[in-house]
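First up is the structure itself, then whatever we jot down about it.
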Amino acid sequence: MWRQIPAVAMLGFLLAMGAVACDKGPMQRTGEKIDRATGQDKVIGTGPLEQAGRNVDRAVKDLKN
């Protein structure tokens, strides 16, 4: 049983990170669509406008808190 605890903890961590990674704000989603339309979208990572949108969403979230 003790051998399974690290595996269960890692699975929980990965699921939590996946849930956080899927949470995109409105500016990030818009940036992603523009990157896709202009051909700047990346398969792995984010395009320049998607990253800028993420930064705006984070700044707005920080101002609300």
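Order determines the names: the first chain of the structure tokens is A, the second B, and so forth; residues in each chain are numbered 1 upward, and ligands are numbered 1 upward as they are shown.
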
* To do: May I have the residues within 12 Å of region 30-46 of chain A as a PyMOL selection string, using only C-alpha atoms and disregarding those fewer than 4 positions away in the same chain?
  => chain A and resi 21+24-26+50-57
